[in-house]
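Structure data (compact mmCIF, C-alpha atoms) from data-v1.txt:
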```
# COMPACT_ATOMS: atom_id res chain seq x y z
CA MET U 1 -4.96 9.04 -15.87
CA ARG U 2 -2.45 11.50 -17.35
CA ARG U 3 -4.34 14.68 -16.34
CA SER U 4 -4.85 13.56 -12.75
CA ARG U 5 -1.18 12.60 -12.41
CA TYR U 6 -0.02 15.97 -13.81
CA LEU U 7 -2.13 18.03 -11.43
CA PHE U 8 -1.22 15.75 -8.56
CA VAL U 9 2.49 16.29 -9.17
CA ILE U 10 1.96 20.05 -8.93
CA LEU U 11 0.39 19.54 -5.51
CA LEU U 12 3.20 17.21 -4.45
CA MET U 13 5.87 19.80 -5.19
CA ALA U 14 4.73 21.70 -2.10
CA ALA U 15 3.33 18.76 -0.20
CA PHE U 16 6.29 17.54 1.81
CA VAL U 17 7.90 20.74 3.06
CA GLY U 18 8.50 20.13 6.75
CA ALA U 19 6.69 16.80 6.76
CA GLY U 20 9.48 14.99 8.58
CA ALA U 21 9.62 17.65 11.26
CA VAL U 22 6.00 17.22 12.33
CA PHE U 23 5.49 13.46 12.01
CA ALA U 24 6.75 12.61 15.49
CA ARG U 25 4.15 14.89 17.07
CA ARG U 26 1.19 13.19 15.41
CA TYR U 27 0.67 10.15 17.65
CA SER U 28 -2.94 9.62 18.72
CA ASN U 29 -4.44 6.64 20.47
CA ARG U 30 -7.02 5.54 17.97
CA GLY U 31 -8.74 2.24 18.72
CA TYR U 32 -8.94 -0.81 16.48
CA SER U 33 -11.79 -0.86 13.95
CA ASN U 34 -13.26 2.38 15.26
CA ARG U 35 -14.13 4.44 12.19
CA ARG U 36 -15.36 7.35 14.26
CA SER U 37 -11.93 7.80 15.84
CA VAL U 38 -10.34 8.67 12.48
CA PRO U 39 -10.86 12.38 11.80
CA ASN U 40 -12.91 13.32 8.77
CA TRP U 41 -12.28 16.17 6.36
CA THR U 42 -13.65 17.61 3.15
CA PRO U 43 -11.30 17.83 0.16
CA ASN U 44 -11.04 21.13 -1.67
CA ARG U 45 -13.80 21.25 -4.28
CA GLU U 46 -11.44 22.88 -6.79
CA PHE U 47 -9.57 19.57 -6.93
CA SER U 48 -12.57 17.27 -6.70
CA HIS U 49 -11.41 15.31 -9.76
CA ASP U 50 -7.73 15.33 -8.86
CA ILE U 51 -7.51 14.16 -5.27
CA PHE U 52 -5.49 11.15 -4.19
CA THR U 53 -7.68 8.15 -3.47
CA PHE U 54 -6.33 5.04 -1.78
CA VAL U 55 -7.60 2.11 -3.86
CA ARG U 56 -7.55 -1.39 -2.39
CA ILE U 57 -7.86 -4.25 -4.86
CA ARG U 58 -10.41 -6.94 -4.16
CA TYR U 59 -9.40 -10.18 -5.83
CA SER U 60 -10.75 -13.70 -5.89
CA THR U 61 -8.71 -16.74 -4.96
CA GLY U 62 -10.32 -19.21 -7.30
CA TYR U 63 -9.89 -18.35 -10.97
CA GLY U 64 -12.27 -15.42 -10.86
CA GLY U 65 -14.89 -17.36 -8.95
CA GLY U 66 -15.82 -14.42 -6.78
CA ASP U 67 -14.64 -15.95 -3.52
CA TYR U 68 -14.76 -12.64 -1.69
CA GLY U 69 -16.38 -13.74 1.54
CA GLY U 70 -18.58 -11.33 3.44
CA GLY U 71 -18.60 -9.04 6.40
CA TYR U 72 -16.76 -5.79 5.77
CA GLY U 73 -17.94 -3.12 3.41
CA ARG U 74 -16.82 0.25 4.70
CA GLY U 75 -15.22 1.42 1.51
CA ARG U 76 -16.96 3.74 -0.91
CA GLY U 77 -18.26 2.86 -4.35
CA ARG U 78 -18.09 -0.62 -5.79
CA GLY U 79 -16.25 -1.97 -2.77
CA ARG U 80 -19.21 -1.52 -0.43
CA GLY U 81 -20.87 -4.61 0.91
CA PHE U 82 -18.06 -7.08 0.21
CA GLY U 83 -15.36 -8.31 2.51
CA GLY U 84 -13.49 -11.26 3.89
CA GLY U 85 -10.69 -13.13 2.20
CA SER U 86 -7.01 -12.27 2.12
CA TRP U 87 -7.57 -9.08 0.12
CA ALA U 88 -9.44 -7.56 3.10
CA THR U 89 -6.68 -8.00 5.71
CA ASP U 90 -6.28 -4.83 7.85
CA TYR U 91 -9.33 -3.31 6.14
CA PRO U 92 -10.68 -0.68 6.60
CA ASP U 93 -8.48 0.75 9.35
CA SER U 94 -5.16 0.67 7.46
CA ASP U 95 -6.65 2.45 4.45
CA LEU U 96 -8.39 5.09 6.58
CA ASN U 97 -5.35 5.72 8.79
CA PHE U 98 -2.95 5.96 5.87
CA SER U 99 -5.26 8.34 4.02
CA PHE U 100 -5.47 10.46 7.17
CA ARG U 101 -1.70 10.59 7.54
CA LEU U 102 -1.30 11.67 3.92
CA HIS U 103 -3.84 14.41 4.55
CA GLN U 104 -2.30 15.38 7.88
CA LEU U 105 1.39 15.33 6.98
CA THR U 106 1.26 16.72 3.47
CA SER U 107 -0.64 19.38 1.56
CA MET U 108 -2.12 16.81 -0.80
CA GLU U 109 -5.85 16.67 -1.36
CA VAL U 110 -6.78 13.19 -0.12
CA ASP U 111 -10.06 11.29 -0.21
CA PRO U 112 -10.88 10.51 3.45
CA GLU U 113 -12.59 7.22 2.65
CA GLY U 114 -10.70 5.42 -0.09
CA ILE U 115 -12.39 2.78 -2.21
CA VAL U 116 -12.27 -0.93 -2.99
CA LEU U 117 -12.25 -2.02 -6.63
CA GLU U 118 -11.77 -5.17 -8.63
CA LEU U 119 -9.16 -5.27 -11.36
CA THR U 120 -11.94 -5.73 -13.90
CA ASP U 121 -13.77 -2.58 -12.85
CA PRO U 122 -13.84 0.00 -15.68
CA GLU U 123 -13.33 2.76 -13.08
CA LEU U 124 -9.83 1.48 -12.35
CA VAL U 125 -8.33 3.71 -15.07
CA ASN U 126 -9.31 6.77 -13.03
CA TYR U 127 -6.95 5.87 -10.19
CA PRO U 128 -3.17 5.84 -10.79
CA PHE U 129 -2.30 4.02 -7.53
CA ILE U 130 -3.64 0.66 -6.34
CA TYR U 131 -2.81 -1.49 -3.31
CA MET U 132 -2.92 -5.27 -3.06
CA LEU U 133 -1.90 -7.42 -0.12
CA GLU U 134 -1.54 -11.04 0.99
CA PRO U 135 -1.12 -12.42 -2.54
CA GLY U 136 0.29 -15.68 -1.24
CA ARG U 137 -2.85 -17.57 -2.26
CA LEU U 138 -4.30 -15.40 -4.99
CA VAL U 139 -5.11 -16.86 -8.39
CA PHE U 140 -5.82 -14.34 -11.13
CA SER U 141 -8.56 -14.99 -13.62
CA GLU U 142 -7.66 -14.48 -17.27
CA GLU U 143 -9.73 -11.30 -17.28
CA GLU U 144 -7.90 -9.98 -14.21
CA ILE U 145 -4.57 -10.68 -15.92
CA GLU U 146 -5.58 -8.71 -19.00
CA CYS U 147 -6.93 -5.81 -16.96
CA LEU U 148 -3.90 -5.57 -14.66
CA ARG U 149 -1.46 -5.73 -17.58
CA ARG U 150 -3.34 -3.00 -19.44
CA TYR U 151 -3.63 -0.84 -16.32
CA LEU U 152 0.09 -0.99 -15.53
CA LEU U 153 1.28 -0.48 -19.10
CA ASN U 154 -1.04 2.53 -19.42
CA GLY U 155 0.61 4.31 -16.50
CA GLY U 156 -0.87 2.76 -13.37
CA PHE U 157 1.14 1.80 -10.27
CA LEU U 158 0.68 -1.28 -8.10
CA MET U 159 1.88 -1.64 -4.50
CA VAL U 160 1.96 -5.23 -3.17
CA ASP U 161 2.27 -5.79 0.58
CA ASP U 162 2.12 -8.30 3.46
CA PHE U 163 3.15 -11.74 2.32
CA TRP U 164 5.78 -13.88 3.96
CA GLY U 165 8.05 -16.82 3.20
CA GLN U 166 9.06 -18.78 0.15
CA ALA U 167 5.76 -20.51 -0.58
CA GLU U 168 3.81 -17.25 -0.70
CA TRP U 169 6.49 -15.65 -2.85
CA ASP U 170 6.41 -18.59 -5.25
CA ASN U 171 2.65 -18.24 -5.66
CA PHE U 172 2.79 -14.49 -6.23
CA TYR U 173 5.73 -14.85 -8.63
CA TYR U 174 3.82 -17.42 -10.66
CA GLU U 175 0.78 -15.15 -10.89
CA ILE U 176 2.67 -11.95 -11.73
CA LYS U 177 4.59 -13.84 -14.44
CA ARG U 178 1.22 -14.67 -15.96
CA VAL U 179 0.69 -10.90 -16.18
CA PHE U 180 4.22 -10.16 -17.47
CA PRO U 181 5.94 -13.33 -18.72
CA ASP U 182 8.86 -11.29 -20.09
CA ARG U 183 9.55 -9.15 -17.01
CA GLU U 184 11.39 -9.99 -13.80
CA PRO U 185 10.97 -8.36 -10.37
CA VAL U 186 14.21 -6.52 -9.55
CA GLU U 187 15.53 -6.07 -6.00
CA ILE U 188 15.62 -2.38 -4.96
CA GLY U 189 18.51 -1.12 -2.83
CA LEU U 190 18.46 1.43 -0.03
CA SER U 191 20.01 4.11 -2.26
CA HIS U 192 16.92 4.16 -4.49
CA LYS U 193 14.84 7.33 -4.25
CA ILE U 194 11.84 5.39 -2.99
CA PHE U 195 13.71 4.96 0.30
CA GLN U 196 15.11 8.48 0.36
CA VAL U 197 12.43 11.01 -0.66
CA PRO U 198 10.79 12.72 1.08
CA TYR U 199 11.68 10.63 4.14
CA GLU U 200 15.27 9.39 4.32
CA LEU U 201 15.15 5.85 5.66
CA LYS U 202 18.26 4.37 7.27
CA GLU U 203 17.31 0.81 6.36
CA ARG U 204 14.97 -1.19 4.20
CA PRO U 205 12.53 -1.80 7.02
CA GLN U 206 10.92 -5.05 8.06
CA ILE U 207 7.56 -4.37 9.69
CA PRO U 208 5.86 -7.27 11.49
CA ASN U 209 2.25 -7.40 12.59
CA ILE U 210 1.73 -6.08 16.09
CA SER U 211 1.40 -9.51 17.75
CA ASP U 212 4.65 -10.84 16.31
CA ALA U 213 6.36 -7.54 17.03
CA LEU U 214 5.48 -7.70 20.71
CA ARG U 215 6.50 -11.36 20.98
CA GLY U 216 9.79 -10.71 19.24
CA ARG U 217 10.60 -7.47 21.04
CA PRO U 218 12.86 -8.99 23.73
CA TYR U 219 14.86 -10.84 21.08
CA GLY U 220 15.00 -8.26 18.29
CA ILE U 221 12.93 -10.52 16.03
CA THR U 222 10.94 -8.70 13.33
CA TRP U 223 10.11 -11.59 11.01
CA GLU U 224 6.89 -13.55 11.16
CA ARG U 225 8.24 -16.96 10.14
CA GLU U 226 11.58 -18.69 9.92
CA ASP U 227 11.86 -18.57 6.14
CA ALA U 228 11.08 -14.83 6.09
CA LYS U 229 14.00 -13.32 7.98
CA GLN U 230 15.22 -11.30 5.02
CA VAL U 231 13.02 -8.42 3.85
CA HIS U 232 12.72 -7.89 0.09
CA TYR U 233 11.59 -4.87 -1.88
CA LYS U 234 11.32 -5.52 -5.59
CA ALA U 235 10.09 -3.58 -8.60
CA ILE U 236 8.76 -4.33 -12.06
CA TYR U 237 9.54 -1.84 -14.83
CA ASP U 238 8.06 -1.08 -18.23
CA ASN U 239 10.09 -0.76 -21.42
CA ASN U 240 10.85 2.89 -20.68
CA GLY U 241 12.26 2.18 -17.22
CA ARG U 242 9.18 3.40 -15.35
CA MET U 243 8.41 1.48 -12.17
CA MET U 244 4.99 -0.12 -12.56
CA ALA U 245 4.90 -2.21 -9.38
CA PHE U 246 6.59 -2.09 -5.98
CA ILE U 247 6.54 -5.38 -4.10
CA CYS U 248 7.00 -5.52 -0.32
CA HIS U 249 7.83 -9.12 0.67
CA ASN U 250 8.47 -10.36 4.23
CA THR U 251 7.07 -7.15 5.68
CA ASP U 252 3.66 -5.68 6.52
CA LEU U 253 3.24 -1.93 6.10
CA GLY U 254 -0.52 -2.29 6.35
CA ASP U 255 -0.40 -3.49 9.95
CA GLY U 256 1.82 -0.55 10.80
CA TRP U 257 -0.94 1.70 9.48
CA GLU U 258 -3.85 -0.23 10.93
CA ARG U 259 -2.58 -0.86 14.46
CA GLU U 260 -0.81 2.42 15.19
CA GLY U 261 -3.06 3.33 18.13
CA GLU U 262 -2.90 0.04 20.03
CA ASN U 263 0.57 0.15 21.52
CA GLU U 264 2.81 3.18 21.94
CA TRP U 265 6.04 1.20 21.50
CA TYR U 266 4.74 -0.36 18.27
CA PHE U 267 3.70 3.06 17.01
CA HIS U 268 7.09 4.67 17.66
CA GLU U 269 9.14 1.68 16.49
CA PHE U 270 7.20 0.62 13.39
CA SER U 271 4.35 2.98 12.43
CA GLU U 272 6.17 6.27 12.93
CA LYS U 273 9.69 5.29 11.87
CA LYS U 274 8.95 2.84 9.10
CA ALA U 275 5.42 2.09 7.87
CA TYR U 276 4.18 5.64 7.36
CA PRO U 277 7.42 7.15 6.01
CA LEU U 278 7.88 4.33 3.50
CA GLY U 279 4.20 4.39 2.52
CA ILE U 280 4.34 8.12 1.88
CA ASN U 281 7.59 7.69 -0.07
CA ILE U 282 5.96 5.04 -2.25
CA VAL U 283 3.00 7.30 -3.06
CA PHE U 284 5.35 10.22 -3.74
CA TYR U 285 7.50 8.15 -6.09
CA ALA U 286 4.52 6.58 -7.86
CA MET U 287 2.90 9.93 -8.53
CA THR U 288 6.06 11.75 -9.65
CA HIS U 289 7.60 9.13 -11.95
```
Could I get this structure in the form of structure tokens?
Amino acid sequence: MRRSRYLFVILLMAAFVGAGAVFARRYSNRGYSNRRSVPNWTPNREFSHDIFTFVRIRYSTGYGGGDYGGGYGRGRGRGRGFGGGSWATDYPDSDLNFSFRLHQLTSMEVDPEGIVLELTDPELVNYPFIYMLEPGRLVFSEEEIECLRRYLLNGGFLMVDDFWGQAEWDNFYYEIKRVFPDREPVEIGLSHKIFQVPYELKERPQIPNISDALRGRPYGITWEREDAKQVHYKAIYDNNGRMMAFICHNTDLGDGWEREGENEWYFHEFSEKKAYPLGINIVFYAMTH
């Protein structure tokens, strides 16, 4: 993981020059679940082993019982042919769109497809960034706990997204404490670099799904349930002060990525101003710290 991260940082040093200036001109009306509408590209062969790959984590919800459902399967590699369940929310559109925006708005070499992996997959060590969402009902198996702990302590970075309210937080907190009993998630303030570089955010954004956003638009409501009015961004650190996990609670960046082409107001208000800038900031921070 160390070699890939080192070369990736070199690319990142030039990646974000002018990124903020061009983002607003990148709106395109791409339809829901239409893979062909997302442009394709071929990464530079010189960096074939050092490109950024968006990795979505497929998890079970029953003590490792493999309750993955069925239906999707548009990811590459071991993720193909599986789908359904909370882990697959917004898939594959959010992953494809976010990968495209990273490719489009930066000079990074980005895998156009992304992959889906389980925490127990031996290939996980080859990818320094992983994404997990809707953990409000997840239950880690003992093997998943061991693998996630080892992955994070060895330099990996976990982004957690799209879960709302106290009950879902309580479930996730219980499960992550099984991974790190001696570590507490710490609230991250707006002054932290993850909100400032390369995009300077004016707030810690709350991003609702598109349906709730449209319903709440006349009233300025951006939360999806009554006990989720306050957005939280929390981090878990290792013994050296390195951020291992960034937790996005009471917000949904993935829907901002997935649904960007469905409504122009939603794009400008949430995808363009909040979901993409923060997502890019998170990747930048993860790969440079």
Any idea what's packed within 8 Å of segment 193-199 of chain U, counting only C-alpha atoms, ignoring anything in its chain fewer than 3 positions away? Could you give it as a list of chain:residue names?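 In the requested format, the answer is U:Phe16, U:Gly20, U:Leu190, U:Arg204, U:Pro277, U:Leu278, U:Ile280, U:Asn281, U:Ile282, U:Phe284, U:Tyr285.
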Just to confirm, what's the straight-line distance from atom CA of Leu119 of chain U to atom CA of Asp238 of chain U in Å (one decimal)? 19.0 Å
Which is closer to Glu118 of chain U than all the others in U:Glu187, U:Glu269, U:Trp87, U:Pro205, using all atoms listed in the file? U:Trp87
For Leu102 of chain U, the nearest of the candidates U:Tyr233, U:Tyr219, U:Phe52, U:Phe172, counting only C-alpha atoms: U:Phe52
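For the set U:Phe129, U:Ser141, U:Lys229, U:Glu200, the residue with the smallest atom-to-atom gap to Thr288 of chain U is U:Phe129, counting all atoms listed in the file.
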Let me have the centre and edge lengths of the axis-aligned box enclosing all listed atoms of segment 151-162 of chain U with 5 Å padding on every side, in Å to one decimal, as JSON.
```
{"center_x": -0.7, "center_y": -2.0, "center_z": -8.0, "size_x": 15.9, "size_y": 22.6, "size_z": 32.9}
```
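Of the listed residues (U:Val186, U:Val110, U:His192, U:Asn97), U:Val110 comes nearest to Ser48 of chain U; the distances count all atoms listed in the file.
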Atom-to-atom span, atom CA of Arg217 of chain U and atom CA of Tyr131 of chain U, Å: 28.4 Å
Just give me the gap between atom CA of Ile207 of chain U and atom CA of Phe270 of chain U in Å, one decimal is fine.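 Atom CA of Phe270 of chain U lies 6.2 Å from atom CA of Ile207 of chain U.
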What's around segment 53-56 of chain U at 10 Å? Count all atoms listed in the file, leave out sequence neighbours fewer than 6 positions away in its own chain, and write the answer as a PyMOL selection string. chain U and resi 75-76+79+87-88+91-92+95-96+98-99+109-119+124+126-133+158-159+283
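Nearest residue to Asp50 of chain U, choosing from U:Met287, U:Ile221, U:Asp121, U:Ile176 and counting only C-alpha atoms: U:Met287.
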